[in-house]
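Colleague: CSV, C-alpha atoms and all ligand atoms, saved as model23.csv, coming up:
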chain,number,residue,atom,x,y,z
L,1,MET,CA,0.1,4.1,-1.2
L,2,GLN,CA,-0.8,7.3,-3.1
L,3,ASP,CA,-2.8,9.7,-1.0
L,4,VAL,CA,-2.6,7.3,2.0
L,5,THR,CA,1.0,6.8,3.2
L,6,THR,CA,1.3,10.4,4.4
L,7,THR,CA,3.3,11.6,7.4
L,8,GLY,CA,0.1,11.6,9.5
L,9,PHE,CA,-1.0,8.2,8.4
L,10,MET,CA,2.4,6.7,9.1
L,11,ARG,CA,2.3,8.2,12.6
L,12,VAL,CA,-1.2,6.8,13.3
L,13,ILE,CA,-0.1,3.4,12.1
L,14,GLY,CA,3.2,3.6,14.0
L,15,ARG,CA,1.3,4.0,17.3
L,16,ARG,CA,-0.5,0.7,16.7
L,17,GLY,CA,2.6,-1.4,15.8
L,18,ALA,CA,4.3,-0.3,12.7
L,19,PRO,CA,5.4,-2.6,9.8
L,20,ASP,CA,9.0,-3.6,9.7
L,21,TRP,CA,9.4,-0.9,7.0
L,22,PHE,CA,7.4,1.6,5.1
L,23,VAL,CA,7.4,2.4,1.3
L,24,THR,CA,6.5,5.9,0.4
L,25,GLU,CA,3.9,7.1,-2.1
L,26,TYR,CA,5.7,7.2,-5.5
L,27,PHE,CA,7.8,10.1,-6.6
L,28,ARG,CA,7.0,10.9,-10.2
L,29,VAL,CA,10.0,11.0,-12.4
L,30,HIS,CA,10.0,13.0,-15.7
L,31,GLU,CA,11.9,15.8,-17.4
L,32,THR,CA,10.7,18.5,-15.1
L,33,SER,CA,10.1,16.5,-11.9
L,34,THR,CA,11.3,17.6,-8.5
L,35,LEU,CA,10.9,15.6,-5.2
L,36,GLU,CA,7.3,16.1,-4.0
L,37,LYS,CA,7.5,18.0,-0.7
L,38,HIS,CA,4.8,16.1,1.1
L,39,ILE,CA,6.5,12.7,0.3
L,40,VAL,CA,9.9,14.1,1.5
L,41,ASP,CA,8.1,15.2,4.7
L,42,SER,CA,6.8,11.6,5.2
L,43,ILE,CA,10.4,10.3,5.0
L,44,VAL,CA,11.8,12.9,7.4
L,45,ASN,CA,9.0,13.4,9.9
L,46,HIS,CA,7.1,10.1,10.3
L,47,GLY,CA,8.6,9.5,13.7
L,48,THR,CA,7.9,5.8,13.8
L,49,GLY,CA,11.5,4.7,14.1
L,50,ARG,CA,11.1,2.3,11.2
L,51,PRO,CA,13.1,2.4,7.9
L,52,VAL,CA,11.4,4.0,4.9
L,53,PHE,CA,12.0,3.1,1.3
L,54,ALA,CA,11.4,5.8,-1.3
L,55,GLN,CA,9.4,4.6,-4.3
L,56,ILE,CA,9.8,6.1,-7.7
L,57,ILE,CA,7.8,5.8,-10.9
L,58,GLY,CA,9.1,6.6,-14.3
L,59,GLU,CA,10.9,5.4,-17.5
L,60,ASP,CA,13.3,8.2,-18.4
L,61,THR,CA,16.6,6.8,-17.4
L,62,PRO,CA,18.6,10.0,-17.1
L,63,HIS,CA,15.9,11.6,-14.9
L,64,ILE,CA,15.7,8.4,-12.8
L,65,ILE,CA,19.4,8.8,-12.1
L,66,ARG,CA,18.9,12.5,-11.3
L,67,THR,CA,16.1,11.6,-8.9
L,68,ILE,CA,18.3,8.9,-7.2
L,69,HIS,CA,20.9,11.6,-6.6
L,70,LEU,CA,18.3,13.8,-4.9
L,71,LEU,CA,17.0,10.8,-2.8
L,72,LYS,CA,20.5,9.9,-1.6
L,73,ALA,CA,20.5,13.1,0.4
L,74,LEU,CA,17.4,11.9,2.4
L,75,PRO,CA,17.3,9.3,5.2
L,76,VAL,CA,15.9,6.5,3.1
L,77,ALA,CA,16.6,2.8,3.7
L,78,GLY,CA,16.6,2.1,0.0
L,79,ILE,CA,15.0,3.0,-3.3
L,80,ASP,CA,12.1,1.1,-4.9
L,81,LEU,CA,11.0,1.1,-8.5
L,82,ASN,CA,7.2,0.9,-9.1
L,83,MET,CA,6.3,-1.6,-11.9
L,84,GLY,CA,2.7,-2.1,-10.9
L,85,CYS,CA,0.5,1.0,-10.9
L,86,PRO,CA,-2.5,0.0,-13.1
L,87,ALA,CA,-4.1,3.5,-13.7
L,88,PRO,CA,-4.4,4.0,-17.5
L,89,LYS,CA,-3.2,7.6,-17.3
L,90,VAL,CA,0.0,6.1,-15.7
L,91,TYR,CA,0.6,2.9,-17.7
L,92,ARG,CA,-0.1,4.7,-21.0
L,93,LYS,CA,3.1,6.7,-20.4
L,94,ASN,CA,4.9,3.3,-20.2
L,95,VAL,CA,5.6,3.7,-16.5
L,96,GLY,CA,4.4,1.8,-13.5
L,97,GLY,CA,2.5,-1.3,-14.7
L,98,GLY,CA,3.0,-0.1,-18.3
L,99,LEU,CA,6.7,-1.1,-18.1
L,100,LEU,CA,5.8,-4.8,-17.8
L,101,ARG,CA,5.1,-4.8,-21.5
L,102,ASP,CA,8.6,-3.8,-22.3
L,103,PRO,CA,11.4,-6.1,-20.9
L,104,ALA,CA,14.1,-4.3,-22.9
L,105,LYS,CA,13.2,-1.0,-21.2
L,106,ILE,CA,13.2,-2.8,-17.8
L,107,ASP,CA,16.6,-4.1,-18.6
L,108,GLU,CA,17.9,-0.6,-19.3
L,109,ILE,CA,16.3,0.9,-16.2
L,110,LEU,CA,17.4,-1.8,-13.8
L,111,HIS,CA,20.9,-1.6,-15.1
L,112,ALA,CA,21.1,2.2,-14.6
L,113,MET,CA,19.5,2.0,-11.2
L,114,ARG,CA,21.8,-0.7,-9.9
L,115,GLN,CA,24.8,1.3,-11.1
L,116,GLU,CA,23.6,4.3,-9.2
L,117,ILE,CA,22.3,2.8,-5.9
L,118,ASP,CA,25.0,1.6,-3.6
L,119,GLY,CA,22.5,0.6,-0.9
L,120,LEU,CA,19.3,-1.3,-1.1
L,121,PHE,CA,17.5,-1.4,-4.5
L,122,THR,CA,14.1,-2.9,-4.5
L,123,VAL,CA,11.3,-3.5,-7.1
L,124,LYS,CA,7.6,-3.8,-6.7
L,125,MET,CA,5.9,-5.5,-9.6
L,126,ARG,CA,2.7,-7.2,-10.8
L,127,ILE,CA,2.8,-10.6,-12.5
L,128,GLY,CA,2.2,-9.1,-15.9
L,129,PHE,CA,0.3,-6.6,-17.9
L,130,ASP,CA,-2.7,-8.5,-19.3
L,131,GLY,CA,-1.1,-11.9,-19.2
L,132,MET,CA,2.0,-13.5,-17.8
L,133,GLU,CA,4.1,-13.9,-20.9
L,134,ASN,CA,6.9,-11.6,-19.8
L,135,PHE,CA,6.9,-12.8,-16.1
L,136,ASP,CA,9.9,-15.2,-16.4
L,137,ARG,CA,11.9,-12.8,-18.5
L,138,ILE,CA,11.4,-10.0,-16.0
L,139,LEU,CA,12.3,-12.3,-13.1
L,140,GLU,CA,15.5,-13.1,-15.0
L,141,LEU,CA,16.2,-9.3,-15.2
L,142,ILE,CA,15.6,-9.0,-11.4
L,143,ALA,CA,18.3,-11.6,-10.9
L,144,LYS,CA,20.6,-10.2,-13.5
L,145,HIS,CA,20.7,-6.7,-12.0
L,146,LYS,CA,21.0,-8.0,-8.4
L,147,VAL,CA,17.9,-6.4,-7.1
L,148,ASP,CA,18.0,-6.7,-3.3
L,149,LEU,CA,14.3,-7.4,-2.7
L,150,LEU,CA,11.3,-8.0,-4.9
L,151,THR,CA,7.7,-7.4,-3.9
L,152,VAL,CA,5.2,-9.2,-6.1
L,153,HIS,CA,1.5,-8.2,-6.2
L,154,GLY,CA,-0.1,-11.4,-7.6
L,155,ARG,CA,-2.3,-9.7,-10.1
L,156,THR,CA,-1.9,-8.4,-13.6
L,157,VAL,CA,-2.3,-4.7,-14.4
L,158,LYS,CA,-5.6,-5.5,-16.1
L,159,GLY,CA,-6.7,-7.3,-12.9
L,160,LEU,CA,-6.6,-4.0,-11.1
L,161,TYR,CA,-7.4,-4.5,-7.4
L,162,TRP,CA,-10.1,-7.1,-7.6
L,163,SER,CA,-9.1,-10.1,-9.7
L,164,GLU,CA,-8.2,-13.2,-7.8
L,165,VAL,CA,-4.6,-13.1,-6.5
L,166,ASP,CA,-2.3,-15.7,-8.0
L,167,TYR,CA,-0.2,-16.9,-5.1
L,168,THR,CA,1.2,-19.7,-7.2
L,169,ALA,CA,2.8,-17.1,-9.4
L,170,ILE,CA,4.3,-15.5,-6.3
L,171,ALA,CA,5.6,-18.9,-5.2
L,172,HIS,CA,7.2,-19.2,-8.7
L,173,ALA,CA,8.9,-15.8,-8.3
L,174,VAL,CA,10.3,-17.0,-4.9
L,175,LYS,CA,11.9,-20.0,-6.6
L,176,SER,CA,13.1,-18.0,-9.6
L,177,VAL,CA,15.1,-15.1,-8.1
L,178,PRO,CA,18.0,-15.1,-5.7
L,179,CYS,CA,16.7,-12.2,-3.6
L,180,PRO,CA,14.0,-12.3,-0.9
L,181,VAL,CA,10.4,-11.9,-2.2
L,182,ILE,CA,7.6,-10.2,-0.4
L,183,ALA,CA,4.1,-11.3,-1.3
L,184,ASN,CA,1.3,-8.8,-1.8
L,185,GLY,CA,-2.4,-8.8,-2.7
L,186,ASP,CA,-5.4,-9.4,-0.4
L,187,VAL,CA,-3.3,-10.3,2.7
L,188,VAL,CA,-6.4,-9.6,4.7
L,189,SER,CA,-5.3,-10.7,8.2
L,190,ALA,CA,-2.5,-12.1,10.3
L,191,THR,CA,-4.0,-15.5,9.9
L,192,LYS,CA,-3.9,-15.3,6.1
L,193,ALA,CA,-0.3,-13.8,6.3
L,194,SER,CA,0.8,-16.9,8.2
L,195,ASP,CA,-0.9,-19.2,5.7
L,196,LEU,CA,0.7,-17.4,2.8
L,197,ILE,CA,4.2,-17.7,4.2
L,198,THR,CA,3.8,-21.5,3.9
L,199,LYS,CA,2.0,-21.4,0.6
L,200,THR,CA,4.4,-19.0,-1.2
L,201,GLY,CA,7.7,-19.4,0.6
L,202,ALA,CA,7.9,-15.6,0.6
L,203,LEU,CA,10.1,-13.8,3.2
L,204,GLY,CA,7.2,-11.5,4.2
L,205,MET,CA,4.0,-9.9,3.3
L,206,MET,CA,3.1,-6.4,2.2
L,207,MET,CA,-0.3,-5.1,3.4
L,208,GLY,CA,-2.0,-2.2,1.6
L,209,ARG,CA,-5.7,-1.6,1.9
L,210,HIS,CA,-6.0,-4.1,4.8
L,211,ALA,CA,-3.7,-1.9,6.9
L,212,ILE,CA,-6.1,1.0,6.3
L,213,ARG,CA,-9.0,-1.1,7.6
L,214,ASN,CA,-7.0,-2.7,10.4
L,215,PRO,CA,-4.0,-0.7,11.5
L,216,TRP,CA,-3.2,-3.4,14.1
L,217,ILE,CA,-2.5,-6.0,11.4
L,218,PHE,CA,1.3,-5.7,11.6
L,219,ARG,CA,1.2,-6.1,15.4
L,220,GLN,CA,-1.2,-9.0,15.2
L,221,TRP,CA,1.0,-10.8,12.7
L,222,ARG,CA,4.1,-10.2,14.8
L,223,GLU,CA,2.2,-11.7,17.8
L,224,ALA,CA,1.1,-14.6,15.7
L,225,GLN,CA,4.7,-15.3,14.6
L,226,GLN,CA,5.8,-15.3,18.3
L,227,ASN,CA,2.9,-17.4,19.5
L,228,LEU,CA,1.7,-14.6,21.7
L,229,PRO,CA,-1.9,-13.8,22.4
L,230,ARG,CA,-3.2,-11.6,19.5
L,231,PHE,CA,-4.3,-8.1,20.2
L,232,GLN,CA,-8.1,-7.9,19.7
L,233,PRO,CA,-9.2,-4.4,19.0
L,234,THR,CA,-12.7,-3.3,20.0
L,235,LEU,CA,-15.0,-0.9,18.2
L,236,ASN,CA,-14.0,1.8,20.7
L,237,ASP,CA,-10.4,1.3,19.6
L,238,VAL,CA,-11.6,1.8,16.0
L,239,ARG,CA,-13.3,5.0,17.0
L,240,ILE,CA,-10.0,6.3,18.6
L,241,TYR,CA,-8.2,5.3,15.4
L,242,ILE,CA,-10.7,7.3,13.3
L,243,GLN,CA,-10.3,10.3,15.5
L,244,GLU,CA,-6.5,10.2,15.0
L,245,LEU,CA,-7.0,10.0,11.2
L,246,ALA,CA,-9.3,13.0,11.4
L,247,ASP,CA,-6.8,14.9,13.5
L,248,GLU,CA,-3.6,13.9,11.5
L,249,CYS,CA,-4.8,13.3,8.0
L,250,CYS,CA,-7.5,15.9,7.4
L,251,ASP,CA,-6.3,19.4,6.8
L,252,ALA,CA,-7.9,21.5,9.4
L,253,ALA,CA,-7.5,24.6,7.2
L,254,LYS,CA,-9.8,23.1,4.6
L,255,ALA,CA,-13.6,23.4,4.6
L,256,THR,CA,-15.4,20.9,6.9
L,257,GLU,CA,-17.0,19.1,3.9
L,258,LYS,CA,-13.5,18.6,2.3
L,259,GLN,CA,-12.2,17.2,5.6
L,260,ALA,CA,-15.2,14.9,5.8
L,261,GLY,CA,-14.5,13.8,2.2
L,262,ARG,CA,-10.9,12.9,3.1
L,263,LEU,CA,-11.9,11.0,6.2
L,264,LYS,CA,-14.6,9.1,4.3
L,265,LYS,CA,-11.9,7.7,2.0
L,266,PHE,CA,-10.3,5.9,4.9
L,267,LEU,CA,-13.7,5.0,6.4
L,268,ASN,CA,-14.7,3.2,3.1
L,269,PHE,CA,-12.1,0.6,4.1
L,270,ILE,CA,-12.6,0.6,7.9
L,271,GLY,CA,-16.4,0.3,7.4
L,272,LEU,CA,-15.9,-3.1,5.7
L,273,ALA,CA,-15.6,-4.7,9.2
L,274,ILE,CA,-18.0,-2.7,11.2
L,275,ASP,CA,-21.3,-4.4,10.4
L,276,ALA,CA,-22.2,-7.2,8.0
L,277,ASP,CA,-25.1,-5.2,6.4
L,278,GLY,CA,-23.1,-2.2,5.5
L,279,LYS,CA,-25.2,0.1,7.6
L,280,PHE,CA,-22.2,2.1,8.8
L,281,LEU,CA,-21.0,2.6,5.2
L,282,HIS,CA,-24.5,3.7,4.2
L,283,ASP,CA,-24.9,6.2,7.0
L,284,MET,CA,-21.4,7.7,6.9
L,285,ARG,CA,-21.6,8.3,3.1
L,286,ARG,CA,-24.6,10.5,3.7
L,287,THR,CA,-23.0,12.9,6.1
L,288,GLU,CA,-21.7,16.2,4.9
L,289,THR,CA,-19.6,17.9,7.6
L,290,LEU,CA,-16.7,16.5,9.6
L,291,ALA,CA,-18.7,17.0,12.8
L,292,ASP,CA,-21.7,15.0,11.5
L,293,LEU,CA,-19.4,12.3,10.2
L,294,LEU,CA,-17.7,11.9,13.6
L,295,LYS,CA,-21.2,11.8,15.3
L,296,CYS,CA,-22.1,9.0,12.9
L,297,CYS,CA,-19.0,7.1,13.9
L,298,ASP,CA,-20.0,7.6,17.6
L,299,ALA,CA,-23.5,6.2,16.9
L,300,HIS,CA,-22.1,3.0,15.2
L,301,LEU,CA,-19.0,2.4,17.2
L,302,VAL,CA,-19.4,3.5,20.8
L,303,GLY,CA,-22.2,3.4,23.3
L,304,THR,CA,-23.6,-0.2,23.4
L,305,ARG,CA,-21.2,-1.5,20.8
L,306,ALA,CA,-18.0,0.0,22.3
L,307,ALA,CA,-16.7,-3.3,23.7
L,308,GLU,CA,-17.6,-5.4,20.7
L,309,ALA,CA,-14.6,-7.1,18.9
L,310,TYR,CA,-13.5,-5.6,15.6
L,311,PRO,CA,-13.3,-8.6,13.2
L,312,GLU,CA,-9.9,-9.7,11.8
L,313,GLU,CA,-11.4,-9.9,8.3
L,314,PRO,CA,-13.8,-7.7,6.3
L,315,TYR,CA,-17.5,-8.9,5.9
L,316,ARG,CA,-18.1,-10.5,2.6
L,317,GLY,CA,-20.1,-8.6,0.0
L,318,LEU,CA,-19.3,-5.0,1.1
L,319,ILE,CA,-17.6,-2.7,-1.4
L,320,ALA,CA,-15.1,-0.2,-0.2
L,321,ARG,CA,-15.3,2.4,-3.0
L,322,PRO,CA,-18.5,1.9,-5.0
L,323,THR,CA,-17.8,4.8,-7.3
L,324,ARG,CA,-14.1,4.0,-7.6
L,325,GLU,CA,-14.2,0.2,-8.0
L,326,THR,CA,-14.8,0.7,-11.6
L,327,GLN,CA,-12.6,3.8,-12.0
L,328,GLN,CA,-9.1,2.7,-12.7
L,329,THR,CA,-7.1,4.8,-10.3
L,330,CYS,CA,-4.2,4.5,-7.9
L,331,GLU,CA,-5.4,7.1,-5.5
L,332,LEU,CA,-7.5,6.7,-2.4
G,1,LIG,C1,-5.3,4.0,-2.8
G,1,LIG,C2,-4.1,3.1,-3.2
G,1,LIG,C3,-2.9,3.7,-3.6
G,1,LIG,C4,-1.8,2.9,-3.9
G,1,LIG,N1,-0.6,3.5,-4.2
G,1,LIG,C5,0.4,2.7,-4.5
G,1,LIG,C6,1.7,3.3,-4.7
G,1,LIG,O1,1.9,4.5,-4.7
G,1,LIG,N2,2.8,2.4,-5.0
G,1,LIG,C7,2.6,1.1,-5.0
G,1,LIG,O2,3.6,0.3,-5.2
G,1,LIG,N3,1.4,0.5,-4.8
G,1,LIG,C8,0.3,1.3,-4.6
G,1,LIG,N4,-0.9,0.7,-4.4
G,1,LIG,C9,-1.0,-0.8,-4.5
G,1,LIG,C10,-0.8,-1.4,-3.1
G,1,LIG,O3,0.5,-1.2,-2.6
G,1,LIG,C11,-1.0,-2.9,-3.2
G,1,LIG,O4,-0.1,-3.4,-4.1
G,1,LIG,C12,-2.4,-3.3,-3.6
G,1,LIG,O5,-3.4,-2.5,-3.0
G,1,LIG,C13,-2.7,-4.8,-3.3
G,1,LIG,O6,-2.5,-5.0,-1.9
G,1,LIG,P1,-3.7,-5.0,-0.8
G,1,LIG,O7,-4.6,-6.1,-1.3
G,1,LIG,O8,-3.0,-5.3,0.5
G,1,LIG,O9,-4.3,-3.7,-0.9
G,1,LIG,C14,-2.0,1.5,-4.0
G,1,LIG,C15,-3.2,0.9,-3.7
G,1,LIG,C16,-4.3,1.7,-3.3
G,1,LIG,C17,-5.6,1.1,-2.9
Step by step, read the file and then write its structure as structure tokens.
Modeller:
Amino acid sequence: MQDVTTTGFMRVIGRRGAPDWFVTEYFRVHETSTLEKHIVDSIVNHGTGRPVFAQIIGEDTPHIIRTIHLLKALPVAGIDLNMGCPAPKVYRKNVGGGLLRDPAKIDEILHAMRQEIDGLFTVKMRIGFDGMENFDRILELIAKHKVDLLTVHGRTVKGLYWSEVDYTAIAHAVKSVPCPVIANGDVVSATKASDLITKTGALGMMMGRHAIRNPWIFRQWREAQQNLPRFQPTLNDVRIYIQELADECCDAAKATEKQAGRLKKFLNFIGLAIDADGKFLHDMRRTETLADLLKCCDAHLVGTRAAEAYPEEPYRGLIARPTRETQQTCEL
């Protein structure tokens, strides 16, 4: 995830039970693009021991090929094409989710990528742009070009991050392509992940925002699959997680207000499960410096509440990003 899956975040997640693999923030591909250094760093220095897929976003075939050559020099498990980003400034360039309007272009890109990638070639897509009229055609192209693994976010581009997820469409993709399919979209908990395996027939689940809120989600799902007792984090565990985010994801060289702003972006998601009334979210948004923000976290999470269980699912009715929910962006 843009602005989220940094080296520091991967390390913090890795300590709590990493996913089976990570996918990087996307590398932008265009005429003058080079590999963004911080994304390269996340591939080389995450230290979790898990495989990492490098994601690219673009539509210029010669430059996609050039980028693949650069990526081949890095320790990546495979290369993933983004066909889902819903930000207008992205899709207007006919990249990300914008590609879903143009199956002929997808045909050309998948062909070129498959020729160039000897190892694993994966695709992440939504079910359509503003409808599903191209879905079957695109699934045929996924099969035609022997994509190794497909992740389907069960929303259209116009559905952004909040429309209802169409798990039936994901189940349809599972039946339509020969490669394994990973289901994505509102996989809020290990319990829901288990249900969705049955409902969709997918090989696995991709967790995005819910891994920010609950970094133990991958461990909990692994435990659920093995019929082991599920790890139950406390609010004190959440406070420790927040401290690690502050230490590893907020640039200490920046002004304390900027560091607080960065941490708040993670807290917007974490706060969805701290109290049903949204009091934590309310209070933390009103702090200015990092020190005050961490004091606010102490007040809500430790002391008398330290041993309280952190719920598996978010409380209903709370909003993670009040100013962003209407802004169409792909960044934290
Ligand atoms: C802040 C943010 C950044 C994202 N960046 C990317 C990205 O770079 N590449 C990508 O394929 N999806 C990206 N996504 C989409 C997520 O991977 C995921 O498909 C979407 O959030 C739905 O899953 P969720 O309900 O588990 O969050 C991003 C989502 C968010 C909230």
Colleague: Tell me, in Å to one decimal, how far CA of Pro88 in chain L is from atom C11 of ligand LIG 1 (chain G).
Modeller: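 Result for CA of Pro88 in chain L versus atom C11 of ligand LIG 1 (chain G): 16.2 Å, one decimal.
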Colleague: From the set L:Ile138, L:Ile65, L:Val187, L:Val29, which residue has the shortest atom-to-atom contact distance to ligand LIG 1 (chain G), counting all atoms listed in the file?
Modeller: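 Among the listed residues, L:Val187 lies closest to ligand LIG 1 (chain G).
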Colleague: Tell me which of L:Thr6, L:Asn134, L:Thr61, L:Gln243 sits closest to ligand LIG 1 (chain G), counting only C-alpha atoms and all ligand atoms.
Modeller: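 Distance minimum relative to ligand LIG 1 (chain G) lands on L:Thr6.
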Colleague: Within 6 Å of ligand LIG 1 (chain G), counting only C-alpha atoms and all ligand atoms, which protein or nucleic acid residues do you find, written as a list in words?
Modeller: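 Selection of residues at most 6 Å from ligand LIG 1 (chain G): Met1, Gln2, Glu25, Tyr26, Asn82, Lys124, His153, Asn184, Gly185, Asp186, Val187, Met207, Gly208, Arg209, His210, Cys330, Glu331 and Leu332 of chain L.
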Colleague: Quick one: residues within 12 Å of Glu116 in chain L, all atoms listed in the file counted, chain neighbours fewer than 6 positions away excluded, as an MDAnalysis selection string?
Modeller: chainID L and resid 61:62 64:72 78:79 109:110 145
Colleague: Restricting the calculation to all atoms listed in the file, which member of L:Asp107, L:Asp102, L:Asp277, L:Glu164 is positioned closest to Lys146 in chain L?
Modeller: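 Using all atoms listed in the file, the shortest distance to Lys146 in chain L belongs to L:Asp107.
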Colleague: How far is it from CA of Gly119 in chain L to CA of Ala104 in chain L, in Å with one decimal?
Modeller: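 Atom-to-atom, CA of Gly119 in chain L to CA of Ala104 in chain L, that is 24.1 Å.
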Colleague: What separation in Å, quoted to one decimal, exists between CA of Glu223 in chain L and CA of Val174 in chain L?
Modeller: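 If I compute the distance from CA of Glu223 in chain L to CA of Val174 in chain L, I get 24.7 Å.
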Colleague: Counting all atoms listed in the file, what are the residues of range 156-272 of chain L within 7 Å of range 147-152 of chain L, and for each of them which pair of atoms is the nearest and at what distance in Å, to one decimal? Sort the table by chain and rising number, as CSV.
Modeller:
residue,atom,partner,partner_atom,distance
L:Ile170,CA,L:Val152,CA,6.4
L:Cys179,CA,L:Leu149,CA,5.4
L:Pro180,CA,L:Leu149,CA,5.2
L:Val181,CA,L:Leu150,CA,4.8
L:Ile182,CA,L:Thr151,CA,4.5
L:Ala183,CA,L:Val152,CA,5.4
L:Asn184,CA,L:Val152,CA,5.8
Colleague: Which residue is closest to Thr156 in chain L? Choose from L:Ala246, L:Val95, L:Thr168, L:Cys85 and count all atoms listed in the file.
Modeller: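 Of L:Ala246, L:Val95, L:Thr168, L:Cys85, the one nearest Thr156 in chain L is L:Cys85, counting all atoms listed in the file.
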Colleague: For the point (-2.8, -10.2, 12.5) in the file's frame, write as number ranges by chain all residues with an atom no more than 12 Å away, counting only C-alpha atoms.
Modeller: L: 16-17, 19, 187-195, 205, 207, 210-211, 214-233, 311-313
Colleague: Which one is closest to Glu108 in chain L: L:Leu141, L:Ala306, L:Arg126, L:Tyr91? Count only C-alpha atoms.
Modeller: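 Nearest candidate to Glu108 in chain L out of L:Leu141, L:Ala306, L:Arg126, L:Tyr91: L:Leu141.
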Colleague: I'd like the neighbourhood of Trp162 in chain L as a list in words, where a residue qualifies if any of its atoms comes within 10 Å (using all atoms listed in the file), though same-chain residues fewer than 2 positions away should be ignored.
Modeller: Arg155, Lys158, Gly159, Leu160, Glu164, Val165, Gly185, Asp186, Glu325 and Thr326 of chain L
Colleague: Kindly indicate which residue among L:Ile319, L:Ala253, L:Ala309, L:Leu294 lies nearest to His282 in chain L, using all atoms listed in the file for the distances.
Modeller: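 So, comparing all the options, the nearest one is L:Ile319.
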Colleague: Excluding Val302 in chain L and residues on its chain fewer than 3 positions from it, collect all residues at most 7 Å away from it, counting all atoms listed in the file, and give them as a tab-separated table (two decimals) with C-alpha atoms, keeping the file's coordinate frame.
Modeller:
chain	number	residue	atom	x	y	z
L	235	LEU	CA	-15.00	-0.90	18.20
L	236	ASN	CA	-14.00	1.80	20.70
L	298	ASP	CA	-20.00	7.60	17.60
L	299	ALA	CA	-23.50	6.20	16.90
L	305	ARG	CA	-21.20	-1.50	20.80
L	306	ALA	CA	-18.00	0.00	22.30
